[in-house]
Each structure stands twice: as structure tokens, then as C-alpha cells.
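A.B. asks: First, the structure itself, so that you have it in front of you.
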Amino acid sequence: MSCPKPSPNVCAAWPHRPESIMAEPTFGTGPSTGGSWSAPGRVNLIGEHTDYNNGLALPIAIGQRTTVEAVPADDGVYRVSSAGHGQEVLFGPQTQPGEVTGWAAYVAGTVWALGELGVPLVPGSFTISSEVPTGAGLSSSAALECAVACGVLGLAGRGLDRHSLATATQRAENVYVGAPTGGMDQLASAFGRAGSALLVDVGADSLEQVPFELTESGLELLVIDTGSSHSHADGEYGARRRSCEQAAAALGVASLRDVQDAPLAETLASLAGLDDGTIARRVRHVITENARVERTVALLREKRITEIGPLLLASHESLRDDYEVTVPVLDLAVDAAMASGALGARMTGGGFGGSVIALVDAGLSESVAEGVSAAFVDAGHAAPTTRSVVPADGAGPLLPDTTP
């Protein structure tokens, strides 16, 4: 199924079917002699740890991108190199989960997942460069996977709808890499659009572009990279997911999305006795976070973007207290940003390190960044890296530069 053309870009299914590979190249394609493709990282405005609970999330693709240059090879081997990762990695088109490890597993996993989907695999040399910092909570892995997927499709001269591309790259991360993430990151990297946030409703299998015009509202969205790296493949992320699955089983539902409209107090009371209350806190975060996404979207549709700040802060507090995925540097960045005049701030990404976002009046962006840096230095940390981001377009081929 192809996603409809713009406005309002709502797509109803994420197919896994081989027939989703179309006869005519329509996406991610390029000349069989090679080409360049790129995909963006993402910032999640709100809706954290909800995607694998069939919930709601509201990410944006950002201007920082991963680029893949690919040319076919006649030796039957994929050769992958990246300036940031040293030695070239080689693997064959029949690669299987567990064969390639480390950063190159995201590349090999994408090849594997597309092959499983029925895409003809044309071995080649893939040279990778990236502006998306690793471990910063900006989904460098999804940017890499989606860019590589475009390159694989390009060498094959085949098209694939964006839903299937997102599904395949998520499967690469879940099965080949072994990171139990939801699909929000890959969807954001595939479907991003300048001037819009992407409402991802996993339970309803739907996507909607929601206006998110920062400049016309006199606002900036700052990303504060704390320098504290995280990993989705570690045990803590998986433990949170297992807690949610345990709660859903105890409640007799397929996912926590199925109790979204039930009285919260009754739902939490039903979980009493499972443990020391930890599982109930995890559930409270998921349910209240979905509600915060709904309220944020409603405000954005009404062009009341300046009013979403308190929702961002409430999201962080829930992630800190109920889901327990923040760390001290993330809390410090949020507190310092708010003290310096931010309208709202929260951690973004899976947590346990990474980045914080802050919504600020454009005229205060510099002072907020300086305030956060000063707070870090006073606490004995290196100053964080702060950048302003705006919504950007999703994955695809790099177009020739026509600037005179």
C-alpha cells in the first residue's frame, strides 16, 4: 500500500507482504550504477515508551541526516565502511541474525530484512557518513537503517512504500540487532515532513501529519545533547517493556492501549499485589503519556503551540518518577532549561542518557543554552552540545545540488 499524497497523509496499514514491492520504482530508488541516499534522525516531541504499548507518539524528523553512497560490486559481497567506525565490514547477501555485530549489524540487518521481504539483493560497497550523533537519543540507528534501505532498493532498482520500509528496518533492529524497540523511530525517519510533526497511532495503524511551525510562532526547539550516551540494546529498556507486557497480561488485554479509556484508578488497583508498585507506576506513565500526546496534538491543530510547554515538562516528570528512565544529567538539563526561561522541556528518546528538548521563545534560545551550560559546569560536567532543530523531510535519494 502506498501512502497517499500530501494532506492529510493518513495511512491505514503497515504491510509485511512481498507484494508491497512494486513493479515500478517509486521510493528509495536510483540508478543501478549507484547513487546517494539519506535519512534523518528524529526528535520525539512527546509520547515516550508508548509505541511498543500500541500507543501514541509525536516525533519529528530533523535536519541532521545519515548519508549512504552505494555502488554495485561483482564479487557477491557487501562492503560497508564508515568514517566513524574504522575497519571495513564484509558480509554476504545471505547474512543471518547473529553473524554481524556492532554498528554494522544495523546495516547487515537491513539487508537481511529487505531480503526476507523479497527485495532482490545486489551486493555493493556502502560508504556511510552521518550528522546524527550516536547515543544522543536522536535515533541514529533508524537514520542509518532507513538510509541503507534506500541504498539497497536503489541498487536493486526497486520501489517500496514507506510503511514497508519502516516495518523492515524496525525488524532489522528488533531481530537482527536484538534491540526491543518500537517502530516510532523508523516511521519518523521514513515519513518526516518539513513543517510537521508525525502523529503515530500504533494501535490504530495510522499516521497523520500535524502542523508544527516553529518559526511563524516565534519559537525554537532546542536539542541539548548531554553527552551521556545510552543504548537501546541494554537490559533496562527491555525490562520496561517486559513490565508493560506483564501488566497487560494481568489486566487480560493485548496491550496497555486497550485500557486507555478505563478509569485510571481502577486499572492501577487491579495491578496491586503484582509487585512493590513498580508495574503500576509503569502503567500510569503509559496511560497518562498517551493522554498528553492527545492534548498536545489538539493544541497544535488549534495553533496554540506555545501552550504545549507544560505537557512536555509533565512528560519528563512522569518518565523520571513513574517510568524511571531518566538519569541525573537529563534531570539537570530540564531543570536548568526551565530555570532559564524555557516554556517546556523533557528528555527525548529511550532514556538512560542522551538528549533533552526545550521549547523556547526564539529570543531566549541563546540564554537558555548558556544557562544549561553553566549549570552543567557548576555541577562538574562538561558543557552539553545544544542545537536548534526544525521538522525535516524523510528518507530518500539525494538530489543534485542546483545552486549556482
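Residue numbering restarts at 1 in every chain; chains get A, B, ... in the order shown in the C-alpha cells, and ligands count up from 1 in that same order.
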Using the chain letters and numbers from this document, which residues of segment 100-176 of chain A does DSSP assign to alpha helix (DSSP H), as a VMD selection string?
C.D. replies: chain A and resid 104 to 117 140 to 156 162 to 171
A.B. asks: As a PDB file with all heavy atoms, in the first residue's frame, please: the residues near segment 185-188 of chain A (cut-off 9 Å, only C-alpha atoms, same-chain neighbours under 6 positions excluded).
C.D. replies:
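Result went into part-v7.pdb, see below:
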```pdb
ATOM      1  N   PRO A  40      16.840  11.005   7.884  1.00  0.00           N
ATOM      2  CA  PRO A  40      17.063  11.867   9.042  1.00  0.00           C
ATOM      3  C   PRO A  40      17.002  11.132  10.371  1.00  0.00           C
ATOM      4  O   PRO A  40      16.377  10.075  10.497  1.00  0.00           O
ATOM      5  CB  PRO A  40      15.878  12.843   8.939  1.00  0.00           C
ATOM      6  CG  PRO A  40      14.783  12.014   8.358  1.00  0.00           C
ATOM      7  CD  PRO A  40      15.453  11.070   7.389  1.00  0.00           C
ATOM      8  N   GLY A  41      17.643  11.745  11.376  1.00  0.00           N
ATOM      9  CA  GLY A  41      17.368  11.363  12.747  1.00  0.00           C
ATOM     10  C   GLY A  41      16.019  11.926  13.140  1.00  0.00           C
ATOM     11  O   GLY A  41      15.314  12.527  12.333  1.00  0.00           O
ATOM     12  N   ARG A  42      15.668  11.743  14.394  1.00  0.00           N
ATOM     13  CA  ARG A  42      14.377  12.241  14.839  1.00  0.00           C
ATOM     14  C   ARG A  42      14.459  12.752  16.271  1.00  0.00           C
ATOM     15  O   ARG A  42      15.305  12.357  17.059  1.00  0.00           O
ATOM     16  CB  ARG A  42      13.294  11.172  14.717  1.00  0.00           C
ATOM     17  CG  ARG A  42      13.443   9.998  15.677  1.00  0.00           C
ATOM     18  CD  ARG A  42      12.618  10.170  16.935  1.00  0.00           C
ATOM     19  NE  ARG A  42      12.917   9.121  17.907  1.00  0.00           N
ATOM     20  CZ  ARG A  42      13.822   9.251  18.863  1.00  0.00           C
ATOM     21  NH1 ARG A  42      14.526  10.342  18.966  1.00  0.00           N
ATOM     22  NH2 ARG A  42      14.028   8.251  19.714  1.00  0.00           N
ATOM     23  N   VAL A  43      13.555  13.656  16.571  1.00  0.00           N
ATOM     24  CA  VAL A  43      13.294  14.094  17.936  1.00  0.00           C
ATOM     25  C   VAL A  43      11.850  13.721  18.238  1.00  0.00           C
ATOM     26  O   VAL A  43      10.963  13.956  17.417  1.00  0.00           O
ATOM     27  CB  VAL A  43      13.500  15.615  18.087  1.00  0.00           C
ATOM     28  CG1 VAL A  43      12.788  16.139  19.330  1.00  0.00           C
ATOM     29  CG2 VAL A  43      14.987  15.947  18.154  1.00  0.00           C
ATOM     30  N   ASN A  44      11.628  13.118  19.375  1.00  0.00           N
ATOM     31  CA  ASN A  44      10.248  12.833  19.763  1.00  0.00           C
ATOM     32  C   ASN A  44       9.747  13.973  20.641  1.00  0.00           C
ATOM     33  O   ASN A  44      10.284  14.218  21.717  1.00  0.00           O
ATOM     34  CB  ASN A  44      10.167  11.512  20.530  1.00  0.00           C
ATOM     35  CG  ASN A  44       8.744  11.030  20.690  1.00  0.00           C
ATOM     36  OD1 ASN A  44       7.861  11.416  19.920  1.00  0.00           O
ATOM     37  ND2 ASN A  44       8.498  10.198  21.684  1.00  0.00           N
ATOM     38  N   LEU A  58       4.587  11.409  19.002  1.00  0.00           N
ATOM     39  CA  LEU A  58       4.562  12.587  18.131  1.00  0.00           C
ATOM     40  C   LEU A  58       6.004  13.023  17.811  1.00  0.00           C
ATOM     41  O   LEU A  58       6.493  14.025  18.328  1.00  0.00           O
ATOM     42  CB  LEU A  58       3.801  13.721  18.815  1.00  0.00           C
ATOM     43  CG  LEU A  58       3.450  14.933  17.940  1.00  0.00           C
ATOM     44  CD1 LEU A  58       2.448  14.544  16.855  1.00  0.00           C
ATOM     45  CD2 LEU A  58       2.888  16.063  18.797  1.00  0.00           C
ATOM     46  N   PRO A  59       6.680  12.289  16.946  1.00  0.00           N
ATOM     47  CA  PRO A  59       8.049  12.658  16.588  1.00  0.00           C
ATOM     48  C   PRO A  59       8.105  13.644  15.424  1.00  0.00           C
ATOM     49  O   PRO A  59       7.123  13.846  14.704  1.00  0.00           O
ATOM     50  CB  PRO A  59       8.662  11.319  16.174  1.00  0.00           C
ATOM     51  CG  PRO A  59       7.503  10.580  15.565  1.00  0.00           C
ATOM     52  CD  PRO A  59       6.294  10.991  16.378  1.00  0.00           C
ATOM     53  N   ILE A  60       9.283  14.245  15.241  1.00  0.00           N
ATOM     54  CA  ILE A  60       9.603  14.980  14.026  1.00  0.00           C
ATOM     55  C   ILE A  60      10.923  14.451  13.489  1.00  0.00           C
ATOM     56  O   ILE A  60      11.810  14.054  14.253  1.00  0.00           O
ATOM     57  CB  ILE A  60       9.719  16.511  14.249  1.00  0.00           C
ATOM     58  CG1 ILE A  60      10.878  16.837  15.213  1.00  0.00           C
ATOM     59  CG2 ILE A  60       8.414  17.088  14.750  1.00  0.00           C
ATOM     60  CD1 ILE A  60      11.215  18.316  15.303  1.00  0.00           C
ATOM     61  N   ALA A  61      11.046  14.398  12.173  1.00  0.00           N
ATOM     62  CA  ALA A  61      12.353  14.182  11.564  1.00  0.00           C
ATOM     63  C   ALA A  61      13.131  15.489  11.656  1.00  0.00           C
ATOM     64  O   ALA A  61      12.550  16.574  11.643  1.00  0.00           O
ATOM     65  CB  ALA A  61      12.198  13.763  10.107  1.00  0.00           C
ATOM     66  N   LEU A 138      18.690  10.590  19.451  1.00  0.00           N
ATOM     67  CA  LEU A 138      18.137  11.176  18.234  1.00  0.00           C
ATOM     68  C   LEU A 138      17.945  10.125  17.150  1.00  0.00           C
ATOM     69  O   LEU A 138      17.757  10.445  15.989  1.00  0.00           O
ATOM     70  CB  LEU A 138      19.049  12.295  17.732  1.00  0.00           C
ATOM     71  CG  LEU A 138      19.319  13.424  18.738  1.00  0.00           C
ATOM     72  CD1 LEU A 138      20.203  14.493  18.113  1.00  0.00           C
ATOM     73  CD2 LEU A 138      18.021  14.028  19.246  1.00  0.00           C
ATOM     74  N   SER A 139      17.994   8.876  17.545  1.00  0.00           N
ATOM     75  CA  SER A 139      17.735   7.743  16.660  1.00  0.00           C
ATOM     76  C   SER A 139      18.699   7.657  15.492  1.00  0.00           C
ATOM     77  O   SER A 139      18.306   7.570  14.327  1.00  0.00           O
ATOM     78  CB  SER A 139      16.295   7.758  16.148  1.00  0.00           C
ATOM     79  OG  SER A 139      15.945   6.482  15.676  1.00  0.00           O
ATOM     80  N   SER A 141      20.310   5.088  14.878  1.00  0.00           N
ATOM     81  CA  SER A 141      20.145   3.743  14.307  1.00  0.00           C
ATOM     82  C   SER A 141      19.071   3.726  13.228  1.00  0.00           C
ATOM     83  O   SER A 141      19.272   3.142  12.156  1.00  0.00           O
ATOM     84  CB  SER A 141      19.805   2.735  15.411  1.00  0.00           C
ATOM     85  OG  SER A 141      18.619   3.099  16.087  1.00  0.00           O
ATOM     86  N   ALA A 142      17.929   4.375  13.472  1.00  0.00           N
ATOM     87  CA  ALA A 142      16.873   4.398  12.453  1.00  0.00           C
ATOM     88  C   ALA A 142      17.315   5.182  11.227  1.00  0.00           C
ATOM     89  O   ALA A 142      16.996   4.805  10.091  1.00  0.00           O
ATOM     90  CB  ALA A 142      15.593   4.999  13.024  1.00  0.00           C
ATOM     91  N   ALA A 143      18.057   6.281  11.428  1.00  0.00           N
ATOM     92  CA  ALA A 143      18.570   7.041  10.291  1.00  0.00           C
ATOM     93  C   ALA A 143      19.490   6.172   9.446  1.00  0.00           C
ATOM     94  O   ALA A 143      19.418   6.179   8.207  1.00  0.00           O
ATOM     95  CB  ALA A 143      19.308   8.286  10.784  1.00  0.00           C
ATOM     96  N   GLU A 145      19.535   2.805   9.323  1.00  0.00           N
ATOM     97  CA  GLU A 145      18.769   1.729   8.699  1.00  0.00           C
ATOM     98  C   GLU A 145      17.974   2.224   7.492  1.00  0.00           C
ATOM     99  O   GLU A 145      17.970   1.572   6.432  1.00  0.00           O
ATOM    100  CB  GLU A 145      17.808   1.125   9.735  1.00  0.00           C
ATOM    101  CG  GLU A 145      18.503   0.353  10.828  1.00  0.00           C
ATOM    102  CD  GLU A 145      17.676   0.281  12.111  1.00  0.00           C
ATOM    103  OE1 GLU A 145      16.591   0.918  12.177  1.00  0.00           O
ATOM    104  OE2 GLU A 145      18.126  -0.398  13.036  1.00  0.00           O
ATOM    105  N   CYS A 146      17.316   3.358   7.632  1.00  0.00           N
ATOM    106  CA  CYS A 146      16.484   3.858   6.529  1.00  0.00           C
ATOM    107  C   CYS A 146      17.334   4.315   5.354  1.00  0.00           C
ATOM    108  O   CYS A 146      16.959   4.111   4.186  1.00  0.00           O
ATOM    109  CB  CYS A 146      15.582   4.990   7.019  1.00  0.00           C
ATOM    110  SG  CYS A 146      14.243   4.431   8.112  1.00  0.00           S
ATOM    111  N   ARG A 162       6.680   3.464   1.927  1.00  0.00           N
ATOM    112  CA  ARG A 162       7.340   3.898   3.154  1.00  0.00           C
ATOM    113  C   ARG A 162       6.919   3.074   4.373  1.00  0.00           C
ATOM    114  O   ARG A 162       7.712   2.886   5.300  1.00  0.00           O
ATOM    115  CB  ARG A 162       7.098   5.387   3.371  1.00  0.00           C
ATOM    116  CG  ARG A 162       7.791   6.262   2.329  1.00  0.00           C
ATOM    117  CD  ARG A 162       7.480   7.747   2.505  1.00  0.00           C
ATOM    118  NE  ARG A 162       8.053   8.505   1.413  1.00  0.00           N
ATOM    119  CZ  ARG A 162       9.271   9.069   1.430  1.00  0.00           C
ATOM    120  NH1 ARG A 162      10.021   8.953   2.498  1.00  0.00           N
ATOM    121  NH2 ARG A 162       9.715   9.724   0.393  1.00  0.00           N
ATOM    122  N   HIS A 163       5.691   2.600   4.394  1.00  0.00           N
ATOM    123  CA  HIS A 163       5.268   1.750   5.504  1.00  0.00           C
ATOM    124  C   HIS A 163       6.117   0.488   5.568  1.00  0.00           C
ATOM    125  O   HIS A 163       6.580   0.081   6.633  1.00  0.00           O
ATOM    126  CB  HIS A 163       3.795   1.368   5.352  1.00  0.00           C
ATOM    127  CG  HIS A 163       2.844   2.470   5.672  1.00  0.00           C
ATOM    128  ND1 HIS A 163       2.121   3.117   4.702  1.00  0.00           N
ATOM    129  CD2 HIS A 163       2.505   3.039   6.848  1.00  0.00           C
ATOM    130  CE1 HIS A 163       1.369   4.043   5.275  1.00  0.00           C
ATOM    131  NE2 HIS A 163       1.581   4.016   6.571  1.00  0.00           N
ATOM    132  N   LEU A 165       9.048   0.017   4.258  1.00  0.00           N
ATOM    133  CA  LEU A 165      10.427   0.352   4.581  1.00  0.00           C
ATOM    134  C   LEU A 165      10.592   0.508   6.091  1.00  0.00           C
ATOM    135  O   LEU A 165      11.543  -0.016   6.686  1.00  0.00           O
ATOM    136  CB  LEU A 165      10.849   1.634   3.862  1.00  0.00           C
ATOM    137  CG  LEU A 165      12.295   2.048   4.072  1.00  0.00           C
ATOM    138  CD1 LEU A 165      12.902   2.588   2.779  1.00  0.00           C
ATOM    139  CD2 LEU A 165      12.425   3.107   5.164  1.00  0.00           C
ATOM    140  N   ALA A 166       9.651   1.204   6.729  1.00  0.00           N
ATOM    141  CA  ALA A 166       9.731   1.383   8.176  1.00  0.00           C
ATOM    142  C   ALA A 166       9.597   0.054   8.912  1.00  0.00           C
ATOM    143  O   ALA A 166      10.312  -0.220   9.881  1.00  0.00           O
ATOM    144  CB  ALA A 166       8.651   2.361   8.642  1.00  0.00           C
ATOM    145  N   THR A 167       8.690  -0.795   8.434  1.00  0.00           N
ATOM    146  CA  THR A 167       8.486  -2.096   9.071  1.00  0.00           C
ATOM    147  C   THR A 167       9.731  -2.967   8.937  1.00  0.00           C
ATOM    148  O   THR A 167      10.150  -3.626   9.893  1.00  0.00           O
ATOM    149  CB  THR A 167       7.287  -2.813   8.444  1.00  0.00           C
ATOM    150  OG1 THR A 167       6.111  -2.028   8.658  1.00  0.00           O
ATOM    151  CG2 THR A 167       7.072  -4.182   9.064  1.00  0.00           C
ATOM    152  N   THR A 169      12.886  -2.029   8.468  1.00  0.00           N
ATOM    153  CA  THR A 169      14.028  -1.539   9.245  1.00  0.00           C
ATOM    154  C   THR A 169      13.808  -1.722  10.738  1.00  0.00           C
ATOM    155  O   THR A 169      14.758  -1.975  11.486  1.00  0.00           O
ATOM    156  CB  THR A 169      14.315  -0.071   8.908  1.00  0.00           C
ATOM    157  OG1 THR A 169      13.109   0.700   9.004  1.00  0.00           O
ATOM    158  CG2 THR A 169      14.880   0.064   7.498  1.00  0.00           C
ATOM    159  N   GLN A 170      12.566  -1.642  11.196  1.00  0.00           N
ATOM    160  CA  GLN A 170      12.303  -1.965  12.597  1.00  0.00           C
ATOM    161  C   GLN A 170      12.608  -3.429  12.871  1.00  0.00           C
ATOM    162  O   GLN A 170      13.186  -3.784  13.906  1.00  0.00           O
ATOM    163  CB  GLN A 170      10.847  -1.664  12.969  1.00  0.00           C
ATOM    164  CG  GLN A 170      10.553  -1.972  14.443  1.00  0.00           C
ATOM    165  CD  GLN A 170       9.083  -2.061  14.765  1.00  0.00           C
ATOM    166  OE1 GLN A 170       8.234  -1.753  13.923  1.00  0.00           O
ATOM    167  NE2 GLN A 170       8.756  -2.498  15.969  1.00  0.00           N
ATOM    168  N   ALA A 197       4.833  17.645  12.514  1.00  0.00           N
ATOM    169  CA  ALA A 197       5.132  16.512  13.379  1.00  0.00           C
ATOM    170  C   ALA A 197       4.291  15.340  12.894  1.00  0.00           C
ATOM    171  O   ALA A 197       3.274  15.523  12.214  1.00  0.00           O
ATOM    172  CB  ALA A 197       4.809  16.844  14.830  1.00  0.00           C
ATOM    173  N   LEU A 198       4.712  14.135  13.227  1.00  0.00           N
ATOM    174  CA  LEU A 198       4.039  12.931  12.751  1.00  0.00           C
ATOM    175  C   LEU A 198       3.333  12.264  13.923  1.00  0.00           C
ATOM    176  O   LEU A 198       3.985  11.757  14.838  1.00  0.00           O
ATOM    177  CB  LEU A 198       5.053  11.967  12.130  1.00  0.00           C
ATOM    178  CG  LEU A 198       4.477  10.682  11.532  1.00  0.00           C
ATOM    179  CD1 LEU A 198       3.681  10.983  10.266  1.00  0.00           C
ATOM    180  CD2 LEU A 198       5.604   9.687  11.237  1.00  0.00           C
ATOM    181  N   VAL A 200       1.852   9.291  15.383  1.00  0.00           N
ATOM    182  CA  VAL A 200       1.925   7.850  15.178  1.00  0.00           C
ATOM    183  C   VAL A 200       0.953   7.188  16.154  1.00  0.00           C
ATOM    184  O   VAL A 200       1.127   7.297  17.365  1.00  0.00           O
ATOM    185  CB  VAL A 200       3.347   7.319  15.419  1.00  0.00           C
ATOM    186  CG1 VAL A 200       3.396   5.804  15.225  1.00  0.00           C
ATOM    187  CG2 VAL A 200       4.350   8.012  14.507  1.00  0.00           C
ATOM    188  N   LEU A 207      -1.154   7.099  10.658  1.00  0.00           N
ATOM    189  CA  LEU A 207      -0.221   8.215  10.734  1.00  0.00           C
ATOM    190  C   LEU A 207      -0.940   9.471  10.296  1.00  0.00           C
ATOM    191  O   LEU A 207      -1.797   9.427   9.421  1.00  0.00           O
ATOM    192  CB  LEU A 207       0.988   7.999   9.821  1.00  0.00           C
ATOM    193  CG  LEU A 207       1.789   6.708   9.978  1.00  0.00           C
ATOM    194  CD1 LEU A 207       2.849   6.627   8.883  1.00  0.00           C
ATOM    195  CD2 LEU A 207       2.442   6.658  11.344  1.00  0.00           C
ATOM    196  N   GLY A 394      11.661  13.254   5.145  1.00  0.00           N
ATOM    197  CA  GLY A 394      12.114  11.908   5.439  1.00  0.00           C
ATOM    198  C   GLY A 394      13.098  11.348   4.437  1.00  0.00           C
ATOM    199  O   GLY A 394      13.673  12.055   3.600  1.00  0.00           O
TER     200      GLY A 394
END
```
A.B. asks: Looking at only C-alpha atoms, which of A:Asn290, A:Ser140, A:Thr278, A:Gln87 is the one that sits closest to Val259 of chain A?
C.D. replies: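 Going through A:Asn290, A:Ser140, A:Thr278, A:Gln87 one by one, the smallest distance to Val259 of chain A is for A:Asn290.
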A.B. asks: Can you tell me, as a list in words, what residues are no more than 7 Å from Ala57 of chain A when counting only C-alpha atoms, ignoring any on the same chain fewer than 3 positions away?
C.D. replies: Ile46, Gly47, Glu48, Thr50, Asp51, Leu199, Val200, Asp201 and Val293 of chain A
A.B. asks: Taking 4 positions as the minimum chain separation for residues in the same chain, which residues sit within 9 Å of Thr386 of chain A when counting only C-alpha atoms? Answer as a list of chain:residue names.
C.D. replies: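 Neighbouring residues, sequence-local ones excluded: A:Leu222, A:Val223, A:Ile224, A:Asp225, A:Thr226, A:Ala369, A:Ser373.
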A.B. asks: Return the single residue from A:Ile287, A:Leu114, A:Val389, A:Ala39 that is closest to Phe212 of chain A, with distances computed using only C-alpha atoms.
C.D. replies: A:Val389
A.B. asks: What's the separation between atom CA of Ser82 of chain A and atom CA of Ser129 of chain A, in Å to one decimal place?
C.D. replies: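 Computed distance, atom CA of Ser82 of chain A to atom CA of Ser129 of chain A, equals 6.0 Å.
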A.B. asks: Within 8 Å of Ser36 of chain A, counting only C-alpha atoms, which residues qualify if same-chain residues fewer than 6 places away don't, as a list in words?
C.D. replies: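 Neighbouring residues, sequence-local ones excluded: Thr67, Val68, Glu69, Ala70, Gly151, Pro397 and Leu398 of chain A.
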A.B. asks: Can you check which residues of segment 188-274 of chain A DSSP gives as strand (DSSP E) on the backbone and send them as a list in words?
C.D. replies: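 Written out, the strand (DSSP E) residues of segment 188-274 of chain A are Ser196, Ala197, Leu198, Leu199, Val200, Asp201, Ser206, Leu207, Glu208, Gln209, Val210, Pro211, Leu219, Glu220, Leu221, Leu222, Val223, Ile224, Asp225, Thr226, Gly227 and Ser228 of chain A.
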A.B. asks: So what do you get for atom CA of Glu302 of chain A versus atom CA of Thr215 of chain A, distance-wise?
C.D. replies: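 Atom-to-atom, atom CA of Glu302 of chain A and atom CA of Thr215 of chain A are spaced 16.2 Å apart.
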A.B. asks: Identify, on the basis of only C-alpha atoms, every residue whose closest approach to Ala104 of chain A does not exceed 9 Å; exclude the query and any residue fewer than 5 positions from it along the same chain; express the result as a PyMOL selection string.
C.D. replies: chain A and resi 80-81+85+89+109
A.B. asks: Which of these, A:Gly238, A:Gly354, A:Gly363, A:Gly396, has the shortest distance to Val327 of chain A once you count only C-alpha atoms?
C.D. replies: A:Gly354
A.B. asks: For the atom pair atom CA of Ala379 of chain A and atom CA of Glu220 of chain A, what is the interatomic distance in Å to one decimal place?
C.D. replies: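 These two atoms are separated by 26.0 Å.
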A.B. asks: Which residue is closest to Ala147 of chain A? Choose from A:Ala108, A:Ala395, A:Met184, A:Val356 and count only C-alpha atoms.
C.D. replies: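 Nearest candidate to Ala147 of chain A out of A:Ala108, A:Ala395, A:Met184, A:Val356: A:Ala395.
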A.B. asks: Which residues come within 10 Å of segment 309-320 of chain A, counting only C-alpha atoms, excluding same-chain residues fewer than 2 positions away, as an MDAnalysis selection string?
C.D. replies: chainID A and resid 45:49 281:282 284:286 288:293 295:296 305:307 322:328 330:331 334:335 338 342:348 350:351 356:360
